[in-house]
>>> print(open('upload_17.cif').read())   # mmCIF, C-alpha atoms
data_run
#
loop_
_atom_site.label_atom_id
_atom_site.label_comp_id
_atom_site.auth_asym_id
_atom_site.auth_seq_id
_atom_site.Cartn_x
_atom_site.Cartn_y
_atom_site.Cartn_z
CA MET M 1 -53.67 32.62 -45.14
CA ALA M 2 -55.21 34.96 -42.55
CA TYR M 3 -56.43 35.28 -38.99
CA ARG M 4 -57.71 31.99 -37.52
CA ALA M 5 -61.00 32.40 -35.69
CA LEU M 6 -61.49 30.66 -32.34
CA PRO M 7 -63.16 27.23 -32.65
CA LEU M 8 -65.86 27.97 -30.09
CA SER M 9 -67.58 25.22 -28.14
CA GLY M 10 -71.17 24.34 -28.91
CA VAL M 11 -72.23 25.42 -25.41
CA ALA M 12 -71.49 29.07 -26.21
CA GLY M 13 -74.84 30.81 -26.52
CA PRO M 14 -75.66 33.27 -29.33
CA ARG M 15 -74.99 36.43 -27.30
CA ALA M 16 -71.70 35.15 -25.90
CA ARG M 17 -70.68 33.87 -29.32
CA ASP M 18 -71.48 37.23 -30.93
CA LEU M 19 -69.50 39.09 -28.24
CA ILE M 20 -66.47 36.86 -28.76
CA ARG M 21 -66.61 37.26 -32.54
CA ARG M 22 -66.78 41.05 -32.17
CA LEU M 23 -63.89 40.87 -29.72
CA GLU M 24 -61.88 38.94 -32.31
CA ASP M 25 -62.65 41.53 -34.98
CA HIS M 26 -61.76 44.50 -32.76
CA TYR M 27 -58.77 43.09 -30.87
CA PHE M 28 -57.33 39.79 -32.06
CA ARG M 29 -57.16 40.72 -35.73
CA ASP M 30 -55.19 43.82 -34.77
CA VAL M 31 -52.81 41.72 -32.67
CA HIS M 32 -52.43 39.32 -35.59
CA ALA M 33 -51.34 42.23 -37.78
CA MET M 34 -49.01 43.74 -35.16
CA LEU M 35 -47.23 40.42 -34.72
CA ARG M 36 -46.07 40.75 -38.34
CA LEU M 37 -44.03 43.78 -37.27
CA PRO M 38 -41.30 45.03 -37.48
CA ALA M 39 -41.43 45.19 -41.29
CA PRO M 40 -38.21 46.78 -42.53
CA ASP M 41 -39.29 46.49 -46.16
CA LEU M 42 -42.07 48.95 -45.31
CA ASP M 43 -39.80 51.15 -43.15
CA ILE M 44 -41.67 50.04 -40.00
CA SER M 45 -39.17 49.41 -37.22
CA ALA M 46 -41.60 49.26 -34.28
CA GLY M 47 -42.61 45.83 -32.94
CA CYS M 48 -45.61 47.11 -30.95
CA ASN M 49 -44.66 44.99 -27.91
CA PHE M 50 -46.37 47.17 -25.32
CA ALA M 51 -49.32 47.89 -27.59
CA ILE M 52 -49.97 44.16 -28.03
CA ALA M 53 -49.66 43.51 -24.29
CA GLN M 54 -52.13 46.31 -23.54
CA VAL M 55 -54.62 45.10 -26.15
CA LEU M 56 -54.53 41.61 -24.67
CA ALA M 57 -54.88 42.95 -21.12
CA SER M 58 -57.92 44.90 -22.32
CA VAL M 59 -59.41 41.66 -23.65
CA VAL M 60 -58.96 40.01 -20.27
CA SER M 61 -60.49 43.03 -18.57
CA GLY M 62 -63.53 43.17 -20.85
CA VAL M 63 -64.19 39.44 -20.73
CA SER M 64 -63.83 39.40 -16.95
CA VAL M 65 -66.81 41.75 -16.46
CA THR M 66 -69.08 40.29 -19.13
CA LEU M 67 -68.56 36.60 -19.79
CA TYR M 68 -66.76 35.66 -16.56
CA ALA M 69 -68.58 37.46 -13.73
CA GLN M 70 -71.16 40.17 -13.55
CA ALA M 71 -70.50 41.38 -9.99
CA GLY M 72 -67.56 42.14 -7.73
CA SER M 73 -64.59 44.47 -8.05
CA LYS M 74 -63.00 44.74 -11.46
CA GLY M 75 -59.61 43.79 -10.08
CA GLN M 76 -60.90 40.61 -8.48
CA ARG M 77 -62.75 39.63 -11.63
CA PHE M 78 -59.67 40.27 -13.79
CA LYS M 79 -57.49 38.09 -11.59
CA GLY M 80 -60.23 35.51 -11.07
CA LEU M 81 -60.64 34.99 -14.81
CA LEU M 82 -56.91 34.39 -15.22
CA VAL M 83 -56.76 32.00 -12.27
CA ASP M 84 -59.80 29.99 -13.36
CA TYR M 85 -59.40 29.80 -17.13
CA TYR M 86 -55.92 30.83 -18.28
CA PRO M 87 -54.05 27.67 -19.41
CA TRP M 88 -51.46 27.69 -16.66
CA ALA M 89 -51.18 23.90 -16.79
CA GLU M 90 -49.75 24.20 -20.30
CA GLU M 91 -47.20 26.84 -19.32
CA THR M 92 -43.52 26.02 -19.10
CA MET M 93 -42.86 27.96 -15.90
CA PRO M 94 -41.02 25.85 -13.31
CA GLU M 95 -43.65 26.28 -10.58
CA ARG M 96 -47.45 26.56 -10.56
CA ASN M 97 -48.59 29.67 -8.73
CA ASP M 98 -51.63 30.74 -10.71
CA ALA M 99 -52.88 33.34 -8.25
CA GLU M 100 -49.49 35.04 -8.03
CA TYR M 101 -49.07 35.11 -11.80
CA ALA M 102 -52.55 36.58 -12.24
CA LYS M 103 -51.73 39.21 -9.63
CA MET M 104 -48.50 40.11 -11.44
CA ILE M 105 -50.28 40.59 -14.76
CA TYR M 106 -52.89 42.81 -13.11
CA ALA M 107 -50.57 44.79 -10.82
CA LEU M 108 -47.59 45.20 -13.17
CA PHE M 109 -48.92 45.06 -16.72
CA ARG M 110 -52.61 45.98 -16.63
CA ASN M 111 -53.00 48.78 -14.11
CA PRO M 112 -49.78 50.84 -14.02
CA LEU M 113 -49.08 50.66 -17.76
CA THR M 114 -52.71 51.41 -18.63
CA HIS M 115 -53.48 54.17 -16.13
CA ASP M 116 -50.23 55.60 -14.73
CA LEU M 117 -47.59 55.08 -17.46
CA GLY M 118 -45.56 52.81 -15.19
CA LEU M 119 -45.98 54.88 -12.03
CA ASP M 120 -47.78 53.79 -8.89
CA LEU M 121 -49.34 57.20 -8.22
CA GLU M 122 -51.18 56.09 -5.09
CA ARG M 123 -47.92 55.17 -3.36
CA LYS M 124 -45.88 57.73 -5.35
CA HIS M 125 -43.13 55.48 -6.70
CA PHE M 126 -42.22 53.50 -9.76
CA THR M 127 -43.61 50.01 -10.01
CA GLN M 128 -41.34 47.00 -10.31
CA LYS M 129 -39.52 47.14 -13.65
CA VAL M 130 -41.27 45.24 -16.40
CA VAL M 131 -40.13 44.16 -19.83
CA VAL M 132 -42.38 43.09 -22.70
CA LYS M 133 -40.49 40.78 -25.08
CA ARG M 134 -41.14 39.43 -28.55
CA LEU M 135 -39.87 36.43 -30.52
CA THR M 136 -38.71 38.61 -33.38
CA THR M 137 -36.02 37.47 -35.77
CA LYS M 138 -32.80 38.94 -37.15
CA ALA M 139 -31.86 40.71 -33.91
CA GLY M 140 -35.36 42.09 -33.42
CA THR M 141 -35.62 43.74 -36.82
CA VAL M 142 -38.19 41.42 -38.43
CA GLY M 143 -41.58 40.23 -37.20
CA HIS M 144 -43.28 36.88 -37.66
CA SER M 145 -44.19 35.36 -40.97
CA GLU M 146 -47.89 34.80 -41.63
CA ARG M 147 -47.43 31.12 -40.91
CA GLY M 148 -45.65 31.98 -37.67
CA VAL M 149 -48.58 34.09 -36.45
CA GLU M 150 -51.06 31.40 -37.46
CA SER M 151 -49.18 28.87 -35.33
CA LEU M 152 -49.93 31.09 -32.31
CA GLU M 153 -53.64 30.77 -33.15
CA SER M 154 -53.65 26.98 -32.97
CA ALA M 155 -55.27 25.09 -30.10
CA ALA M 156 -52.00 23.43 -29.10
CA ARG M 157 -49.33 25.56 -27.46
CA PRO M 158 -46.43 25.99 -29.91
CA PRO M 159 -43.37 24.25 -28.47
CA ARG M 160 -41.14 27.20 -29.41
CA LEU M 161 -42.81 29.43 -26.81
CA SER M 162 -40.86 30.17 -23.65
CA PRO M 163 -42.75 30.93 -20.39
CA LEU M 164 -45.31 33.72 -20.27
CA LEU M 165 -43.61 35.30 -17.24
CA HIS M 166 -40.18 35.00 -15.74
CA LEU M 167 -37.84 37.00 -13.53
CA GLU M 168 -34.73 38.35 -15.17
CA GLU M 169 -32.18 40.38 -13.21
CA GLY M 170 -34.74 41.82 -10.83
CA ARG M 171 -37.36 42.59 -13.45
CA VAL M 172 -40.49 40.82 -14.62
CA VAL M 173 -40.52 39.78 -18.27
CA LEU M 174 -43.70 39.02 -20.21
CA LEU M 175 -43.56 37.22 -23.56
CA VAL M 176 -46.10 38.70 -25.97
CA GLU M 177 -46.56 35.59 -28.10
CA ALA M 178 -47.22 33.40 -25.08
CA PHE M 179 -49.77 35.93 -23.80
CA TYR M 180 -51.59 35.97 -27.14
CA TRP M 181 -51.81 32.19 -27.32
CA GLY M 182 -52.83 31.98 -23.65
CA VAL M 183 -55.58 34.62 -23.82
CA ARG M 184 -57.10 32.88 -26.84
CA LYS M 185 -57.00 29.53 -25.01
CA MET M 186 -58.49 31.21 -21.94
CA LEU M 187 -61.48 32.29 -24.02
CA LEU M 188 -61.91 28.76 -25.37
CA ASN M 189 -61.83 27.35 -21.84
CA LEU M 190 -64.35 29.89 -20.59
CA SER M 191 -66.71 29.51 -23.55
CA ALA M 192 -66.84 25.75 -22.93
CA ASP M 193 -68.10 26.23 -19.34
CA ALA M 194 -71.88 25.82 -19.63
CA ALA M 195 -72.64 27.44 -16.26
CA ARG M 196 -70.55 30.54 -16.98
CA VAL M 197 -71.96 30.88 -20.48
CA SER M 198 -75.53 30.56 -19.21
CA ALA M 199 -75.01 33.35 -16.67
CA ALA M 200 -73.34 35.52 -19.30
CA GLU M 201 -76.23 34.96 -21.73
CA LYS M 202 -78.72 36.21 -19.15
CA PHE M 203 -76.55 39.21 -18.34
CA LEU M 204 -75.99 40.15 -21.98
CA GLY M 205 -79.71 39.80 -22.65
CA LYS M 206 -80.37 42.56 -20.12
CA VAL M 207 -77.69 44.95 -21.35
CA GLY M 208 -79.25 47.98 -22.98
CA LYS M 209 -82.72 47.21 -21.74
CA PRO M 210 -84.50 49.83 -19.55
#
>>> encode(input="upload_17.cif", output="structure tokens")
Amino acid sequence: MAYRALPLSGVAGPRARDLIRRLEDHYFRDVHAMLRLPAPDLDISAGCNFAIAQVLASVVSGVSVTLYAQAGSKGQRFKGLLVDYYPWAEETMPERNDAEYAKMIYALFRNPLTHDLGLDLERKHFTQKVVVKRLTTKAGTVGHSERGVESLESAARPPRLSPLLHLEEGRVVLLVEAFYWGVRKMLLNLSADAARVSAAEKFLGKVGKP
């Protein structure tokens, strides 16, 4: 078996559909492969936890300024996309606080880790400690099987997933597998919104034109 493409809604226009398929080719297929790690038989001990989290955050960022909204600050669009379309209702976190969770992903995982290597350079201090976890097996030495990765690409949230975010001894923990499933579902939710897709089609039709 191999990567499972998103079952896009019929309302997704040709430009939006093409953008999402290219996004899958450039980002999701790489995440699919990284989730197979670590692979001790190949002498690969790295699990690529942070790399996967950053790839997925980049997907959210790119989608937020193309398919979601075509104006406004990038930060507001990033958080707005997560609030409006991330499948928070299917999360297992004890309380619903969509705006706060979106803010945490942007402030702790997207910006500092992408731009400042974990430092808040504007305020000249370290950000709150973050941990990016994986559901690896055998004490973290083996990645997912192919079937295990494919289950994360299903429409239904796998019951084995713990919450996307939780606090653990004063630090914020993000679960990579939950983020992957959730970002894919977010794209499905967004691509099924006829009004958003229509606006994105018009915007994408103008891109590159003088």
>>> closest_residue(input="upload_17.cif", among="M:Arg17, M:His144, M:Lys129, M:Lys138", to="M:Leu204", atoms="all atoms listed in the file")
M:Arg17
>>> closest_residue(input="upload_17.cif", among="M:Lys133, M:His166, M:Leu35, M:Gly205", to="M:Met104", atoms="all atoms listed in the file")
M:His166
>>> resolve_selection(input="upload_17.cif", expression="the PyMOL selection byres ((chain M and resi 14) around 12)", output="JSON, numbers by chain")
{"M": [8, 9, 10, 11, 12, 13, 15, 16, 17, 18, 19, 20, 21, 191, 197, 198, 200, 201, 202, 204, 205]}
>>> write_last_selection(input="upload_17.cif", atoms="C-alpha atoms", output="short mmCIF file (atom, residue, chain, number, x, y, z; two decimals), in the coordinates of the input")
data_model
loop_
_atom_site.label_atom_id
_atom_site.label_comp_id
_atom_site.auth_asym_id
_atom_site.auth_seq_id
_atom_site.Cartn_x
_atom_site.Cartn_y
_atom_site.Cartn_z
CA LEU M 8 -65.86 27.97 -30.09
CA SER M 9 -67.58 25.22 -28.14
CA GLY M 10 -71.17 24.34 -28.91
CA VAL M 11 -72.23 25.42 -25.41
CA ALA M 12 -71.49 29.07 -26.21
CA GLY M 13 -74.84 30.81 -26.52
CA ARG M 15 -74.99 36.43 -27.30
CA ALA M 16 -71.70 35.15 -25.90
CA ARG M 17 -70.68 33.87 -29.32
CA ASP M 18 -71.48 37.23 -30.93
CA LEU M 19 -69.50 39.09 -28.24
CA ILE M 20 -66.47 36.86 -28.76
CA ARG M 21 -66.61 37.26 -32.54
CA SER M 191 -66.71 29.51 -23.55
CA VAL M 197 -71.96 30.88 -20.48
CA SER M 198 -75.53 30.56 -19.21
CA ALA M 200 -73.34 35.52 -19.30
CA GLU M 201 -76.23 34.96 -21.73
CA LYS M 202 -78.72 36.21 -19.15
CA LEU M 204 -75.99 40.15 -21.98
CA GLY M 205 -79.71 39.80 -22.65
#
>>> residues_around(input="upload_17.cif", residues="M:Gly75", least_positions_apart="3", cutoff="10 Å", atoms="all atoms listed in the file", output="PDB file with C-alpha atoms, in the coordinates of the input")
ATOM      1  CA  SER M  61     -60.490  43.030 -18.570  1.00  0.00           C
ATOM      2  CA  SER M  64     -63.830  39.400 -16.950  1.00  0.00           C
ATOM      3  CA  VAL M  65     -66.810  41.750 -16.460  1.00  0.00           C
ATOM      4  CA  GLY M  72     -67.560  42.140  -7.730  1.00  0.00           C
ATOM      5  CA  PHE M  78     -59.670  40.270 -13.790  1.00  0.00           C
ATOM      6  CA  LYS M  79     -57.490  38.090 -11.590  1.00  0.00           C
ATOM      7  CA  GLY M  80     -60.230  35.510 -11.070  1.00  0.00           C
ATOM      8  CA  LYS M 103     -51.730  39.210  -9.630  1.00  0.00           C
ATOM      9  CA  TYR M 106     -52.890  42.810 -13.110  1.00  0.00           C
ATOM     10  CA  ALA M 107     -50.570  44.790 -10.820  1.00  0.00           C
ATOM     11  CA  ARG M 110     -52.610  45.980 -16.630  1.00  0.00           C
ATOM     12  CA  ASN M 111     -53.000  48.780 -14.110  1.00  0.00           C
TER      13      ASN M 111
END
>>> resolve_selection(input="upload_17.cif", expression="the PyMOL selection byres ((chain M and resi 145-152) around 8)", output="number ranges by chain")
M: 1-4, 32, 35-36, 143-144, 153-154, 157-158, 177, 180-181
>>> closest_residue(input="upload_17.cif", among="M:Arg171, M:Arg160, M:Lys185, M:Lys74", to="M:Ala5", atoms="all atoms listed in the file")
M:Lys185
>>> closest_residue(input="upload_17.cif", among="M:Glu95, M:Asp41, M:Glu168, M:Asp84", to="M:Val131", atoms="all atoms listed in the file")
M:Glu168
>>> residues_near_point(input="upload_17.cif", point="(-60.8, 41.6, -32.0)", cutoff="12 Å", atoms="only C-alpha atoms", output="tab-separated table (two decimals) with C-alpha atoms, in the frame of the given file")
chain	number	residue	atom	x	y	z
M	3	TYR	CA	-56.43	35.28	-38.99
M	4	ARG	CA	-57.71	31.99	-37.52
M	5	ALA	CA	-61.00	32.40	-35.69
M	6	LEU	CA	-61.49	30.66	-32.34
M	18	ASP	CA	-71.48	37.23	-30.93
M	19	LEU	CA	-69.50	39.09	-28.24
M	20	ILE	CA	-66.47	36.86	-28.76
M	21	ARG	CA	-66.61	37.26	-32.54
M	22	ARG	CA	-66.78	41.05	-32.17
M	23	LEU	CA	-63.89	40.87	-29.72
M	24	GLU	CA	-61.88	38.94	-32.31
M	25	ASP	CA	-62.65	41.53	-34.98
M	26	HIS	CA	-61.76	44.50	-32.76
M	27	TYR	CA	-58.77	43.09	-30.87
M	28	PHE	CA	-57.33	39.79	-32.06
M	29	ARG	CA	-57.16	40.72	-35.73
M	30	ASP	CA	-55.19	43.82	-34.77
M	31	VAL	CA	-52.81	41.72	-32.67
M	32	HIS	CA	-52.43	39.32	-35.59
M	33	ALA	CA	-51.34	42.23	-37.78
M	52	ILE	CA	-49.97	44.16	-28.03
M	55	VAL	CA	-54.62	45.10	-26.15
M	56	LEU	CA	-54.53	41.61	-24.67
M	58	SER	CA	-57.92	44.90	-22.32
M	59	VAL	CA	-59.41	41.66	-23.65
M	60	VAL	CA	-58.96	40.01	-20.27
M	62	GLY	CA	-63.53	43.17	-20.85
M	63	VAL	CA	-64.19	39.44	-20.73
M	180	TYR	CA	-51.59	35.97	-27.14
M	183	VAL	CA	-55.58	34.62	-23.82
M	184	ARG	CA	-57.10	32.88	-26.84
